[in-house]
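K.L.:
Below is a structure I'd like to ask you about.
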Amino acid sequence: MRLSAISLKNSFISDTLIVAFGTTVAQFIPMVFYPVLSRIYNPSDFGLLATIISLSVVIGVFATGKYETVIIIATTNKNAINLISLSILFSSISLIIFSLLIFIFSKEISNVFNEPRLEQWLYLSPLIALFISIYQCYNEWSVRNKYYLNLSKNKISNTFVITFSKLFMGWLKKNSIGLIVGEVIGRFISAIYSVFLFLKKDRAMLKQLSFLRMKVLAKKYSQCPKFIIPAQLLNTIGGELPVFIFAYYFSTTEIGYYGMALLILSVPSSIISLAIRDVFRKKANDEYVQNGNCRSTYVKVLGILFLISLFGYSLFYILAPSIFVFVLGAGWSTAGIYARLLIPMVAISFVTEVGSSMFIIAEKMKALLIWQILYFSVTVISLLCGVLVFKNIRATLVCFSIGRSIVYLVSFLMSYYFAKGTRYCA
């Protein structure tokens with residue numbers, strides 16, 4: 001038993017290192033080229049792209065029916081591959097529906113965001129959503145089957161092609177066109193590469209596809225569209241709400257500063273927290289199915305993340321303004337100031353993001369929806385408090401950071417409760 005425990009521990013560490021390597025390289029690539037991109041494109045260009053991506057993410061919530069979220073907990077690979085097909089089928093249908101809606105309401109949408117340039121680029125949002133869905137489905141398949149090397153390759157290729165495409169298009173034409181077209185080209189190549197990796201290793205699984213099976217699974221996991229879609233919609237809109245509100249009350253330049261600040265702050269999360277989460281989800285799910293709980297793994301993993309977050313983000317708080325100026329240039333000093341204001345919520349999220357997997361593992365989709373309602377409500381209240389009461393973007397960011405910190409702590413308490421096992425959360 002002792003040797004088995006040591007083996008599992010070593011396996012968890014080695015798997016995490018593989019994924020961490022992929023996420024590190026994937027984050028390192030754009031970081032290296034951000035100083036170049038920030039000099040080719042201006043903050044308003046990044047703000048325009050941020051708005052387009054935000055709309056793509058919102059569309060992506062509906063696109064798959066959220067069936068990709070249960071790929072990892074499906075009882076067999078046959079069910080898992082049919083869930084992937086179901087997700088991509090939904091995405092394809094969504095592409096047509098949202099394209100028609102944008103065709104009808106493109107002008108109205110661009111007016112809402114107070115960005116005239118947005119109208120001509122809105123049509124790309126559903127397409128980007130489809131490419132992201134394909135990429136995410138393959139990542140879930142990789143986690144399920146412990147294809148951690150492929151998962152790392154996919155993450156690296158994703159950021160490389162997106163970053164290189166932006167650089168290449170910027171070299172051809174130095175304006176927002178290059179930034180947006182580069183994003184689309186990169187997402188497309190990333191989706192194609194995901195399909196290539198799947199066919200190379202698991203082409204035989206395509207024989208398991210069945211419309212009847214997809215229909216059965218759609219009914220079995222009906223909680224996905226019933227609870228996860230509204231939950232994810234609230235999460236996505238809540239996540240992108242600062243962009244929407246800043247666009248209305250402030251400017252695309254402020255969005256650019258905010259977006260860059262959040263992007264840089266999220267690098268440790270993308271490298272460490274999300275790498276651990278991918279491996280944690282698989283180990284915790286297997287342990288939960290076998291033992292009815294995964295409390296021990298949960299406590300150990302989140303304890304380590306807490307220490308990393310405490311020391312890492314404390315140091316970053318001190319150095320943030322200098323780092324932004326050194327890496328991105330003097331024109332981005334404001335983003336460093338914004339980063340300091342956002343550090344508390346990002347530091348807590350760094351820890352709780354891993355534990356949030358317990359909502360799916362314990363199949364507590366309704367509880368997830370309840371938490372997302374809280375998340376969305378607090379986000380709205382905190383942002384409106386800032387823009388209406390203080391009428392200042394920095395004060396708004398402080399309110400926003402405090403509100404988000406509170407709801408992330410609630411997420412931790414709920415996920416820990418579920419990790420304790422079926423006898424506690426039945």
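Residue numbering restarts at 1 for every chain of the structure tokens, chains are lettered A, B, ... in their displayed order, and ligands are numbered from 1 as they appear.
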Using only C-alpha atoms, determine which residues lie at most 12 Å from Met214 in chain A, disregarding the query and same-chain residues fewer than 5 positions distant; provide the list as a PyMOL selection string.

P.N.:
chain A and resi 67+78-90+208-209+219-222

K.L.:
Give me, as a Markdown table, each residue of range 96-153 of chain A that comes within 8 Å of range 239-263 of chain A, together with its shortest interatomic pair and the distance in Å at one decimal, counting only C-alpha atoms, with rows ordered by chain and rising residue number.

P.N.:
```
| residue | atom | partner | partner_atom | distance |
| --- | --- | --- | --- | --- |
| A:Val112 | CA | A:Tyr248 | CA | 7.5 |
| A:Phe113 | CA | A:Ala247 | CA | 5.9 |
| A:Asn114 | CA | A:Tyr248 | CA | 6.3 |
```

K.L.:
Do you know which residues are at most 10 Å from Pro230 in chain A counting only C-alpha atoms, after dropping those on the same chain fewer than 5 positions away, and could you put them as a count of residues only?

P.N.:
11

K.L.:
Write out as JSON, numbers by chain the residues lying within 8 Å of Arg277 in chain A, counting only C-alpha atoms and excluding same-chain residues fewer than 2 positions away.

P.N.:
{"A": [273, 274, 275, 279, 280, 281, 353, 354, 355, 357]}

K.L.:
Output N, CA, C and O atoms of each residue in that selection to a file, as a compact mmCIF listing (two decimals), in the first residue's frame.

P.N.:
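Resulting contents of out.txt:
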```txt
# COMPACT_ATOMS: atom_id res chain seq x y z
N SER A 273 -1.23 27.00 -11.64
CA SER A 273 -2.54 26.60 -11.14
C SER A 273 -3.31 25.74 -12.15
O SER A 273 -3.84 24.68 -11.80
N LEU A 274 -3.36 26.19 -13.40
CA LEU A 274 -4.12 25.43 -14.40
C LEU A 274 -3.44 24.13 -14.78
O LEU A 274 -4.09 23.15 -15.13
N ALA A 275 -2.10 24.11 -14.70
CA ALA A 275 -1.37 22.86 -14.98
C ALA A 275 -1.71 21.82 -13.92
O ALA A 275 -1.97 20.66 -14.23
N VAL A 279 -4.23 17.95 -14.05
CA VAL A 279 -3.86 16.65 -13.47
C VAL A 279 -4.74 16.34 -12.26
O VAL A 279 -5.15 15.19 -12.05
N PHE A 280 -5.03 17.36 -11.45
CA PHE A 280 -5.86 17.19 -10.26
C PHE A 280 -7.24 16.65 -10.64
O PHE A 280 -7.78 15.77 -9.96
N ARG A 281 -7.83 17.19 -11.70
CA ARG A 281 -9.18 16.77 -12.10
C ARG A 281 -9.24 15.27 -12.36
O ARG A 281 -10.19 14.60 -11.94
N GLU A 353 -9.20 28.16 -8.14
CA GLU A 353 -9.50 27.69 -9.49
C GLU A 353 -9.39 26.17 -9.58
O GLU A 353 -10.19 25.51 -10.23
N VAL A 354 -8.38 25.60 -8.93
CA VAL A 354 -8.18 24.14 -8.95
C VAL A 354 -9.33 23.45 -8.24
O VAL A 354 -9.90 22.48 -8.74
N GLY A 355 -9.69 23.94 -7.06
CA GLY A 355 -10.74 23.31 -6.27
C GLY A 355 -12.10 23.36 -6.91
O GLY A 355 -12.97 22.52 -6.64
N SER A 357 -13.02 22.44 -9.62
CA SER A 357 -13.29 21.22 -10.39
C SER A 357 -14.24 20.28 -9.64
O SER A 357 -14.89 19.43 -10.26
```

K.L.:
Identify, on the basis of only C-alpha atoms, every residue whose closest approach to Gly170 in chain A does not exceed 8 Å; exclude the query and any residue fewer than 6 positions from it along the same chain; express the result as a ChimeraX atom specification.

P.N.:
/A:37,40-41,178-179

K.L.:
Could those residues be written to a file, using C-alpha atoms, as a compact mmCIF listing (two decimals), in the first residue's frame?

P.N.:
```txt
# COMPACT_ATOMS: atom_id res chain seq x y z
CA LEU A 37 3.28 43.54 -30.18
CA ILE A 40 3.18 47.45 -33.31
CA TYR A 41 -0.36 47.89 -31.95
CA GLY A 178 -3.38 42.67 -38.31
CA LEU A 179 -4.13 41.99 -34.65
```

K.L.:
Using only C-alpha atoms, which residue out of A:Ser92, A:Ser296, A:Ser382, A:Ser190 lies closest to Val161 in chain A?

P.N.:
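Of A:Ser92, A:Ser296, A:Ser382, A:Ser190, the one nearest Val161 in chain A is A:Ser190, counting only C-alpha atoms.
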
K.L.:
Hey, what's within 10 Å of Phe164 in chain A if we count only C-alpha atoms and toss same-chain stuff fewer than 5 positions away? As a PDB file with C-alpha atoms, in the first residue's frame, please?

P.N.:
```
ATOM      1  CA  ILE A  29       6.003  32.600 -26.078  1.00  0.00           C
ATOM      2  CA  PRO A  30       3.553  35.529 -26.001  1.00  0.00           C
ATOM      3  CA  PHE A  33       6.772  38.933 -28.040  1.00  0.00           C
ATOM      4  CA  THR A 159      -0.148  30.222 -28.262  1.00  0.00           C
ATOM      5  CA  MET A 169       0.008  40.341 -39.861  1.00  0.00           C
ATOM      6  CA  GLY A 170       1.380  43.307 -37.922  1.00  0.00           C
ATOM      7  CA  GLY A 182      -3.825  37.206 -36.737  1.00  0.00           C
ATOM      8  CA  GLU A 183      -6.038  36.020 -33.874  1.00  0.00           C
ATOM      9  CA  ILE A 185      -5.711  32.580 -38.265  1.00  0.00           C
ATOM     10  CA  GLY A 186      -4.019  31.407 -35.089  1.00  0.00           C
TER      11      GLY A 186
END
```

K.L.:
Using only C-alpha atoms, what does the table of range 250-336 of chain A residues within 12 Å of range 343-348 of chain A look like, with each row giving the shortest atom pair and its distance in Å to one decimal, sorted by chain and ascending number, as a Markdown table?

P.N.:
```
| residue | atom | partner | partner_atom | distance |
| --- | --- | --- | --- | --- |
| A:Ala261 | CA | A:Ile343 | CA | 9.7 |
| A:Leu262 | CA | A:Val346 | CA | 8.4 |
| A:Leu263 | CA | A:Val346 | CA | 10.6 |
| A:Ile264 | CA | A:Val346 | CA | 10.7 |
| A:Leu265 | CA | A:Val346 | CA | 7.1 |
| A:Ser266 | CA | A:Val346 | CA | 7.2 |
| A:Val267 | CA | A:Val346 | CA | 10.4 |
| A:Pro268 | CA | A:Ala347 | CA | 9.5 |
| A:Ser269 | CA | A:Val346 | CA | 8.4 |
| A:Ser270 | CA | A:Val346 | CA | 11.5 |
| A:Ser273 | CA | A:Ala347 | CA | 10.6 |
| A:Leu302 | CA | A:Ile348 | CA | 10.9 |
| A:Leu305 | CA | A:Ile348 | CA | 9.7 |
| A:Phe306 | CA | A:Ile348 | CA | 8.1 |
| A:Leu307 | CA | A:Ala347 | CA | 10.5 |
| A:Ile308 | CA | A:Ala347 | CA | 9.4 |
| A:Ser309 | CA | A:Ala347 | CA | 5.6 |
| A:Leu310 | CA | A:Ala347 | CA | 7.2 |
| A:Phe311 | CA | A:Ala347 | CA | 9.8 |
| A:Gly312 | CA | A:Ala347 | CA | 8.7 |
| A:Tyr313 | CA | A:Ala347 | CA | 6.3 |
| A:Ser314 | CA | A:Ile343 | CA | 8.5 |
| A:Leu315 | CA | A:Ile343 | CA | 10.7 |
| A:Phe316 | CA | A:Ile343 | CA | 8.5 |
| A:Tyr317 | CA | A:Ile343 | CA | 7.0 |
| A:Ile318 | CA | A:Ile343 | CA | 10.8 |
| A:Leu319 | CA | A:Ile343 | CA | 11.9 |
| A:Ala320 | CA | A:Ile343 | CA | 9.8 |
| A:Gly336 | CA | A:Ile343 | CA | 10.7 |
```

K.L.:
Find the nearest atom pair between each residue of range 170-219 of chain A and range 117-132 of chain A for residues within 6 Å, count only C-alpha atoms, give distances in Å to one decimal, sort rows by chain and ascending number, and present the table as CSV.

P.N.:
```
residue,atom,partner,partner_atom,distance
A:Arg187,CA,A:Phe131,CA,5.9
A:Phe188,CA,A:Phe131,CA,5.8
A:Ala191,CA,A:Phe131,CA,5.3
```

K.L.:
Can you work out which one of A:Val70, A:Cys137, A:Met205, A:Ile109 has the shortest atom-to-atom distance to Ala218 in chain A, counting only C-alpha atoms?

P.N.:
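Comparing A:Val70, A:Cys137, A:Met205, A:Ile109 against Ala218 in chain A, the winner is A:Val70.
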
K.L.:
Quick one: residues within 10 Å of Asn150 in chain A, only C-alpha atoms counted, chain neighbours fewer than 2 positions away excluded, as a ChimeraX atom specification?

P.N.:
/A:18-19,22,138-139,142-143,146-148,152-156,194,197-198,201

K.L.:
Using DSSP on the backbone, list every residue of range 165-376 of chain A that comes out as alpha helix (DSSP H), and give them as a VMD selection string.

P.N.:
chain A and resid 165 to 172 176 to 202 211 to 220 223 229 to 249 252 to 265 267 to 268 274 to 291 295 to 328 333 to 355 358 to 361 365 to 376
